[in-house]
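Peer 1: Quick one, protein28.cif (mmCIF, C-alpha atoms and all ligand atoms):
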data_run
#
loop_
_atom_site.label_atom_id
_atom_site.label_comp_id
_atom_site.auth_asym_id
_atom_site.auth_seq_id
_atom_site.Cartn_x
_atom_site.Cartn_y
_atom_site.Cartn_z
CA MET A 1 -46.30 60.10 -4.82
CA SER A 2 -43.34 58.86 -6.79
CA ALA A 3 -39.92 58.37 -5.26
CA VAL A 4 -38.59 61.18 -7.45
CA ALA A 5 -41.14 63.67 -6.17
CA ALA A 6 -40.59 62.60 -2.58
CA THR A 7 -36.86 63.15 -2.99
CA VAL A 8 -37.52 66.69 -4.15
CA TYR A 9 -39.41 67.32 -0.92
CA GLU A 10 -36.50 65.96 1.10
CA ASP A 11 -34.32 68.69 -0.41
CA ARG A 12 -36.76 71.36 0.76
CA PHE A 13 -36.84 70.81 4.51
CA ASP A 14 -35.98 74.41 5.42
CA GLN A 15 -38.75 75.75 3.21
CA LEU A 16 -41.22 73.14 4.40
CA ASN A 17 -40.41 73.78 8.05
CA ALA A 18 -41.00 77.50 7.54
CA GLU A 19 -44.37 76.78 5.92
CA PHE A 20 -45.39 74.17 8.49
CA GLU A 21 -44.68 76.50 11.44
CA GLN A 22 -47.90 78.28 10.48
CA SER A 23 -49.85 75.12 9.62
CA ASP A 24 -52.40 73.17 11.60
CA PRO A 25 -51.23 69.59 12.32
CA SER A 26 -54.11 68.24 10.24
CA SER A 27 -52.71 70.07 7.19
CA ILE A 28 -49.26 68.61 7.82
CA LEU A 29 -50.72 65.13 8.19
CA ALA A 30 -52.67 65.60 4.94
CA TRP A 31 -49.46 66.69 3.19
CA ALA A 32 -47.61 63.67 4.54
CA ALA A 33 -50.32 61.26 3.45
CA ALA A 34 -50.50 62.80 -0.03
CA THR A 35 -46.73 62.87 -0.41
CA TYR A 36 -45.77 59.47 0.94
CA GLY A 37 -48.96 57.41 0.62
CA ASP A 38 -48.43 53.80 1.66
CA ASP A 39 -44.80 54.61 2.43
CA LEU A 40 -45.89 56.57 5.50
CA ALA A 41 -46.22 55.11 9.00
CA VAL A 42 -47.20 56.49 12.38
CA VAL A 43 -45.17 55.30 15.35
CA THR A 44 -46.96 55.68 18.65
CA SER A 45 -46.95 54.44 22.22
CA PHE A 46 -50.52 55.71 22.61
CA GLN A 47 -49.60 58.72 24.68
CA PRO A 48 -52.06 61.64 24.36
CA THR A 49 -50.35 63.27 21.36
CA GLY A 50 -50.28 59.94 19.57
CA ILE A 51 -54.00 59.47 20.16
CA VAL A 52 -54.77 62.88 18.64
CA THR A 53 -52.55 61.97 15.69
CA LEU A 54 -54.41 58.71 15.14
CA HIS A 55 -57.80 60.40 15.39
CA MET A 56 -56.92 63.07 12.82
CA LEU A 57 -55.38 60.51 10.48
CA SER A 58 -58.43 58.26 10.76
CA GLU A 59 -60.35 61.08 9.06
CA ILE A 60 -57.62 62.33 6.69
CA ALA A 61 -55.97 59.10 5.60
CA PRO A 62 -57.67 56.02 7.08
CA GLY A 63 -55.61 52.92 6.60
CA THR A 64 -52.29 54.61 7.30
CA THR A 65 -50.00 52.05 8.92
CA VAL A 66 -49.69 52.46 12.69
CA ILE A 67 -46.67 50.92 14.39
CA THR A 68 -46.53 50.41 18.13
CA LEU A 69 -43.72 48.77 20.06
CA ASP A 70 -44.96 46.02 22.33
CA THR A 71 -41.97 45.50 24.59
CA GLY A 72 -43.80 42.72 26.41
CA LEU A 73 -43.63 44.89 29.50
CA LEU A 74 -46.48 47.33 28.99
CA PHE A 75 -49.08 48.08 31.65
CA PRO A 76 -52.44 46.25 31.42
CA GLU A 77 -54.04 49.70 31.07
CA THR A 78 -51.88 50.40 28.01
CA TYR A 79 -52.81 47.12 26.33
CA ALA A 80 -56.49 47.86 27.01
CA LEU A 81 -56.17 51.35 25.51
CA ILE A 82 -54.44 50.01 22.40
CA ASP A 83 -57.19 47.43 21.88
CA GLU A 84 -59.92 50.05 22.36
CA LEU A 85 -58.42 52.54 19.92
CA GLU A 86 -57.62 49.85 17.38
CA ARG A 87 -61.33 48.99 17.30
CA ARG A 88 -62.73 52.49 17.54
CA LEU A 89 -60.50 54.08 14.90
CA ASN A 90 -60.27 50.94 12.76
CA LEU A 91 -56.49 51.16 12.82
CA ARG A 92 -54.15 49.27 10.53
CA LEU A 93 -52.06 48.42 13.56
CA VAL A 94 -48.73 46.62 13.55
CA ARG A 95 -47.64 45.47 16.99
CA VAL A 96 -43.88 45.15 16.82
CA ARG A 97 -42.22 42.84 19.31
CA PRO A 98 -38.53 42.36 20.17
CA GLU A 99 -36.62 39.39 18.82
CA VAL A 100 -36.15 38.10 22.35
CA THR A 101 -38.66 37.51 25.11
CA THR A 102 -38.03 38.97 28.54
CA GLU A 103 -36.99 35.49 29.67
CA GLN A 104 -34.45 35.17 26.85
CA GLN A 105 -33.16 38.64 27.62
CA ALA A 106 -32.72 37.70 31.28
CA ALA A 107 -30.83 34.55 30.29
CA ARG A 108 -28.43 36.56 28.12
CA HIS A 109 -28.02 39.74 30.15
CA GLY A 110 -29.24 38.92 33.64
CA SER A 111 -32.56 39.73 35.24
CA ALA A 112 -34.07 43.22 35.30
CA LEU A 113 -31.70 44.64 32.70
CA TRP A 114 -33.78 47.83 32.78
CA GLU A 115 -32.43 48.51 36.28
CA ARG A 116 -28.75 48.04 35.36
CA ASP A 117 -28.51 49.10 31.73
CA PRO A 118 -31.75 50.71 30.52
CA ASP A 119 -30.07 51.96 27.32
CA LEU A 120 -29.25 48.39 26.29
CA CYS A 121 -32.72 47.24 27.32
CA CYS A 122 -34.37 49.96 25.21
CA GLN A 123 -32.05 49.13 22.34
CA ILE A 124 -33.15 45.49 22.43
CA ARG A 125 -36.84 46.04 23.08
CA LYS A 126 -37.55 49.30 21.23
CA VAL A 127 -34.86 50.76 18.98
CA ALA A 128 -33.78 47.62 17.11
CA PRO A 129 -37.35 46.37 16.54
CA LEU A 130 -38.38 49.80 15.23
CA ASN A 131 -35.41 49.85 12.91
CA THR A 132 -36.67 46.63 11.35
CA ALA A 133 -40.31 47.74 11.33
CA LEU A 134 -39.58 51.05 9.59
CA PHE A 135 -37.53 49.47 6.84
CA GLY A 136 -39.08 50.42 3.50
CA TYR A 137 -41.13 53.34 4.83
CA ARG A 138 -40.07 56.64 3.32
CA ALA A 139 -41.49 58.72 6.17
CA TRP A 140 -42.72 58.30 9.72
CA ILE A 141 -44.78 60.41 12.10
CA ALA A 142 -43.86 60.90 15.75
CA GLY A 143 -45.72 62.61 18.59
CA LEU A 144 -42.94 64.93 19.76
CA ARG A 145 -43.81 68.41 21.01
CA ARG A 146 -41.53 71.32 21.87
CA ASP A 147 -43.14 71.97 25.25
CA GLN A 148 -41.99 68.55 26.46
CA SER A 149 -38.84 68.40 28.55
CA GLY A 150 -35.70 68.26 26.39
CA ARG A 151 -37.61 68.61 23.13
CA LYS A 152 -37.66 72.37 22.55
CA ALA A 153 -35.72 72.15 19.27
CA VAL A 154 -37.87 69.52 17.57
CA PRO A 155 -38.26 70.32 13.84
CA ILE A 156 -41.55 69.54 12.14
CA VAL A 157 -39.87 67.77 9.25
CA SER A 158 -36.32 66.42 9.07
CA TRP A 159 -34.18 63.64 7.72
CA ASP A 160 -33.85 60.86 10.27
CA ALA A 161 -30.44 59.33 9.69
CA LYS A 162 -31.09 56.72 12.33
CA TYR A 163 -33.89 55.11 10.35
CA GLY A 164 -32.97 56.39 6.89
CA ASN A 165 -36.22 58.20 6.18
CA VAL A 166 -38.14 61.42 6.72
CA LYS A 167 -39.42 62.16 10.22
CA LEU A 168 -42.44 64.33 10.87
CA SER A 169 -43.56 65.84 14.17
CA PRO A 170 -46.80 67.58 13.14
CA PHE A 171 -47.64 68.54 16.74
CA ALA A 172 -44.28 70.17 17.50
CA THR A 173 -45.95 73.55 18.00
CA TRP A 174 -48.89 72.30 20.08
CA THR A 175 -48.97 72.45 23.87
CA GLU A 176 -49.99 69.78 26.36
CA ARG A 177 -53.16 71.75 27.05
CA MET A 178 -54.13 71.83 23.37
CA ILE A 179 -53.76 68.05 23.22
CA TRP A 180 -56.03 67.47 26.21
CA VAL A 181 -58.61 69.94 24.91
CA TYR A 182 -58.69 67.98 21.64
CA LEU A 183 -59.03 64.63 23.44
CA GLN A 184 -61.93 65.89 25.49
CA ALA A 185 -63.63 67.66 22.59
CA HIS A 186 -63.64 64.39 20.63
CA ASP A 187 -64.41 62.17 23.60
CA LEU A 188 -61.29 60.11 22.98
CA PRO A 189 -60.04 57.55 25.51
CA TYR A 190 -56.65 57.92 27.16
CA ASN A 191 -54.50 55.78 29.43
CA ALA A 192 -56.23 55.32 32.79
CA LEU A 193 -52.85 55.67 34.52
CA HIS A 194 -52.83 59.41 33.81
CA ASP A 195 -55.62 59.77 36.37
CA ARG A 196 -53.47 57.89 38.89
CA GLY A 197 -50.54 60.30 38.75
CA TYR A 198 -48.48 58.96 35.83
CA PRO A 199 -47.58 61.85 33.47
CA SER A 200 -45.73 59.60 30.98
CA ILE A 201 -46.31 55.89 30.58
CA GLY A 202 -43.71 53.45 29.32
CA CYS A 203 -42.83 49.96 30.50
CA ASN A 204 -44.33 48.53 33.65
CA THR A 205 -41.20 48.46 35.78
CA PRO A 206 -40.49 50.80 38.71
CA ALA A 207 -37.17 51.70 37.09
CA CYS A 208 -38.85 52.99 33.94
CA THR A 209 -42.23 54.44 34.85
CA GLN A 210 -43.30 56.05 38.10
CA PRO A 211 -46.08 58.37 39.19
CA ALA A 212 -44.98 61.96 39.77
CA ALA A 213 -46.10 64.92 41.83
CA THR A 214 -49.04 66.94 40.54
CA GLY A 215 -47.81 69.63 38.16
CA SER A 216 -44.64 67.75 37.18
CA ASN A 217 -43.52 67.99 33.59
CA GLU A 218 -45.11 65.67 31.09
CA ARG A 219 -42.06 63.39 30.90
CA ALA A 220 -41.59 63.11 34.67
CA GLY A 221 -41.46 59.68 36.26
CA ARG A 222 -39.39 58.02 33.54
CA TRP A 223 -36.08 56.31 34.46
CA THR A 224 -36.01 58.27 37.71
CA ASN A 225 -32.83 56.61 39.01
CA SER A 226 -30.70 57.41 35.96
CA SER A 227 -29.82 60.34 33.72
CA LYS A 228 -31.74 58.70 30.88
CA SER A 229 -34.65 60.75 29.55
CA GLU A 230 -35.33 59.21 26.13
CA CYS A 231 -35.65 55.60 25.05
CA GLY A 232 -33.24 56.12 22.16
CA ILE A 233 -35.76 56.20 19.32
CA HIS A 234 -35.50 59.96 19.00
CA VAL A 235 -32.18 61.71 18.39
CA LEU A 236 -32.74 65.20 19.74
CA THR A 237 -30.71 68.38 19.54
CA ARG A 238 -31.01 70.89 22.35
CA ARG A 239 -30.71 74.62 21.78
CA ASP A 240 -30.61 75.48 25.47
S1 LIG A 301 -38.59 51.44 29.01
FE1 LIG A 301 -37.47 50.17 30.51
S2 LIG A 301 -38.21 48.03 30.32
FE2 LIG A 301 -38.92 49.24 28.52
S3 LIG A 301 -37.41 48.82 26.98
FE3 LIG A 301 -36.73 50.70 27.98
S4 LIG A 301 -35.41 50.11 29.72
FE4 LIG A 301 -36.47 48.26 28.95
#
Before anything else, please render the file you have as structure tokens.
Peer 2:
Amino acid sequence: MSAVAATVYEDRFDQLNAEFEQSDPSSILAWAAATYGDDLAVVTSFQPTGIVTLHMLSEIAPGTTVITLDTGLLFPETYALIDELERRLNLRLVRVRPEVTTEQQAARHGSALWERDPDLCCQIRKVAPLNTALFGYRAWIAGLRRDQSGRKAVPIVSWDAKYGNVKLSPFATWTERMIWVYLQAHDLPYNALHDRGYPSIGCNTPACTQPAATGSNERAGRWTNSSKSECGIHVLTRRD
């Protein structure tokens, strides 16, 4: 798709969002792949919605670039899951790492920055690296859903001023249950930590990822000692 045509689509977000509300995510992914081609990337931390996204795309548009942020602090179970899905789905995977190691970060900002200033830590280890990685991509796909805490206003397609491109959340209308039904129906692997009480899995530090009580919301257990609820990659608007 040419840049001119893509720009026309960017002027039609309201119309597209109205159409996509009734669309299956696979149709939205097919539209994105046809519209943006090689200028499209998926960004995923291999949470359940991301895995469903990757599986659908492996059938619709194999070879789509997949970006994951390797903060250097992920759980062993997460690294194992990434390796397994990279092989199984034959992903074109880009593992994006921060400019500084955890040791260099500690030398500059003190040890365990995630306990004292998690926003700065996420900026260094996630937001800034993604900004660099997404440069040149006209559109990116995220795994946001409206039934997740604090995400009820997520649009399916929007302009992402933070990264200067189009952002798509094809699963905005899906529920957590629909995601797990899909995973099981397609015998897809998921992070082993979910079976050990972790609803959401980020970095392997007690300050950032904790198990939560059964029945907690899907984002529970993240940054439990602070008001932080997002890593800073997503700029969300609440309509509470
Ligand atoms: S999740 Fe925690 S350790 Fe990971 S980048 Fe953010 S603050 Fe740092």
Peer 1: Name the residues, by chain letter and number, that sit within 8 Å of ligand LIG 301 (chain A) using only C-alpha atoms and all ligand atoms, and give them as a VMD selection string.
Peer 2: chain A and resid 71 73 to 74 113 to 115 117 to 126 202 to 205 207 to 209 223 231
Peer 1: Under the rule that only C-alpha atoms are counted, which of A:Thr35, A:Ser111, A:Asn191, A:Gln148 is the nearest residue to Arg177 in chain A?
Peer 2: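 Between A:Thr35, A:Ser111, A:Asn191, A:Gln148, the residue approaching Arg177 in chain A most closely is A:Gln148.
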Peer 1: Interatomic distance between CA of Gly232 in chain A and CA of Ile156 in chain A?
Peer 2: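 The value is 18.7 Å.
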Peer 1: Name the residues in contact with Val96 in chain A at a cut-off of 7 Å, using only C-alpha atoms, excluding same-chain residues fewer than 6 positions from it; report them as a list in words.
Peer 2: Ile67, Thr68, Leu69, Asp70 and Pro129 of chain A
Peer 1: Using 6 Å of padding on each side, determine the axis-aligned box around all atoms of range 91-104 of chain A present in the file and give its centre and edge lengths in Å to one decimal, as JSON.
Peer 2:
{"center_x": -45.5, "center_y": 43.2, "center_z": 20.1, "size_x": 34.0, "size_y": 28.0, "size_z": 31.1}
Peer 1: Given the point (-58.0, 49.2, 17.8) in the file's coordinates, find the residues that have an atom at most 12 Å from it, counting all atoms listed in the file, and give them as a PyMOL selection string.
Peer 2: chain A and resi 46+51+54-55+58+66-68+78-95+189
Peer 1: Nearest to Thr53 in chain A among A:Asn131, A:Gln105, A:Ser149, A:Ser169, with distances taken over all atoms listed in the file: which residue is it?
Peer 2: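 Nearest candidate to Thr53 in chain A out of A:Asn131, A:Gln105, A:Ser149, A:Ser169: A:Ser169.
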Peer 1: Quick one: pull the distance between CA of Leu29 in chain A and CA of Ser45 in chain A, Å, one decimal.
Peer 2: 18.0 Å
Peer 1: What lies within 12 Å of Lys162 in chain A using all atoms listed in the file, ignoring chain neighbours under 2 positions off, as a list in words?
Peer 2: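 That gives Val127, Ala128, Leu130, Asn131, Thr132, Leu134, Phe135, Ser158, Trp159, Asp160, Gly164, Asn165, Val166, Lys167, Gly232, Ile233, His234, Val235 and Leu236 of chain A.
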Peer 1: Can you write out the residues you just picked, keeping C-alpha atoms, as a PDB file, in the frame of the given file?
Peer 2:
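Saved file out.pdb follows:
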ATOM      1  CA  VAL A 127     -34.860  50.760  18.980  1.00  0.00           C
ATOM      2  CA  ALA A 128     -33.780  47.620  17.110  1.00  0.00           C
ATOM      3  CA  LEU A 130     -38.380  49.800  15.230  1.00  0.00           C
ATOM      4  CA  ASN A 131     -35.410  49.850  12.910  1.00  0.00           C
ATOM      5  CA  THR A 132     -36.670  46.630  11.350  1.00  0.00           C
ATOM      6  CA  LEU A 134     -39.580  51.050   9.590  1.00  0.00           C
ATOM      7  CA  PHE A 135     -37.530  49.470   6.840  1.00  0.00           C
ATOM      8  CA  SER A 158     -36.320  66.420   9.070  1.00  0.00           C
ATOM      9  CA  TRP A 159     -34.180  63.640   7.720  1.00  0.00           C
ATOM     10  CA  ASP A 160     -33.850  60.860  10.270  1.00  0.00           C
ATOM     11  CA  GLY A 164     -32.970  56.390   6.890  1.00  0.00           C
ATOM     12  CA  ASN A 165     -36.220  58.200   6.180  1.00  0.00           C
ATOM     13  CA  VAL A 166     -38.140  61.420   6.720  1.00  0.00           C
ATOM     14  CA  LYS A 167     -39.420  62.160  10.220  1.00  0.00           C
ATOM     15  CA  GLY A 232     -33.240  56.120  22.160  1.00  0.00           C
ATOM     16  CA  ILE A 233     -35.760  56.200  19.320  1.00  0.00           C
ATOM     17  CA  HIS A 234     -35.500  59.960  19.000  1.00  0.00           C
ATOM     18  CA  VAL A 235     -32.180  61.710  18.390  1.00  0.00           C
ATOM     19  CA  LEU A 236     -32.740  65.200  19.740  1.00  0.00           C
TER      20      LEU A 236
END
Peer 1: Do you know which residues are at most 12 Å from Asn17 in chain A counting only C-alpha atoms, after dropping those on the same chain fewer than 5 positions away, and could you put them as a PDB file with C-alpha atoms, keeping the file's coordinate frame?
Peer 2:
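Result file is part-v2.pdb:
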ATOM      1  CA  TYR A   9     -39.410  67.320  -0.920  1.00  0.00           C
ATOM      2  CA  GLU A  10     -36.500  65.960   1.100  1.00  0.00           C
ATOM      3  CA  ASP A  11     -34.320  68.690  -0.410  1.00  0.00           C
ATOM      4  CA  ARG A  12     -36.760  71.360   0.760  1.00  0.00           C
ATOM      5  CA  GLN A  22     -47.900  78.280  10.480  1.00  0.00           C
ATOM      6  CA  SER A  23     -49.850  75.120   9.620  1.00  0.00           C
ATOM      7  CA  ILE A  28     -49.260  68.610   7.820  1.00  0.00           C
ATOM      8  CA  VAL A 154     -37.870  69.520  17.570  1.00  0.00           C
ATOM      9  CA  PRO A 155     -38.260  70.320  13.840  1.00  0.00           C
ATOM     10  CA  ILE A 156     -41.550  69.540  12.140  1.00  0.00           C
ATOM     11  CA  VAL A 157     -39.870  67.770   9.250  1.00  0.00           C
ATOM     12  CA  SER A 158     -36.320  66.420   9.070  1.00  0.00           C
ATOM     13  CA  TRP A 159     -34.180  63.640   7.720  1.00  0.00           C
ATOM     14  CA  LYS A 167     -39.420  62.160  10.220  1.00  0.00           C
ATOM     15  CA  LEU A 168     -42.440  64.330  10.870  1.00  0.00           C
ATOM     16  CA  SER A 169     -43.560  65.840  14.170  1.00  0.00           C
ATOM     17  CA  PRO A 170     -46.800  67.580  13.140  1.00  0.00           C
ATOM     18  CA  ALA A 172     -44.280  70.170  17.500  1.00  0.00           C
ATOM     19  CA  THR A 173     -45.950  73.550  18.000  1.00  0.00           C
TER      20      THR A 173
END
Peer 1: Determine the nearest neighbour of Tyr36 in chain A from the options A:Asp24, A:Tyr137, A:Glu19, A:Thr101, counting all atoms listed in the file.
Peer 2: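 Among the listed residues, the smallest separation from Tyr36 in chain A belongs to A:Tyr137.
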Peer 1: For each of A:Ser216, A:Ser226, A:Ala107, A:Ser26, take the minimum atom-to-atom distance to Glu59 in chain A, counting only C-alpha atoms, then give the residue where this is smallest.
Peer 2: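 The answer is A:Ser26, which sits nearest to Glu59 in chain A.
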Peer 1: Extract, using only C-alpha atoms, all DNA, RNA and protein residues at most 8 Å from Ala192 in chain A, discarding same-chain residues fewer than 3 positions from it, and format them as a short mmCIF file (atom, residue, chain, number, x, y, z; two decimals) with C-alpha atoms, in the frame of the given file.
Peer 2:
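Output below, filename out08.cif:
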data_model
loop_
_atom_site.label_atom_id
_atom_site.label_comp_id
_atom_site.auth_asym_id
_atom_site.auth_seq_id
_atom_site.Cartn_x
_atom_site.Cartn_y
_atom_site.Cartn_z
CA GLU A 77 -54.04 49.70 31.07
CA ASP A 195 -55.62 59.77 36.37
CA ARG A 196 -53.47 57.89 38.89
#
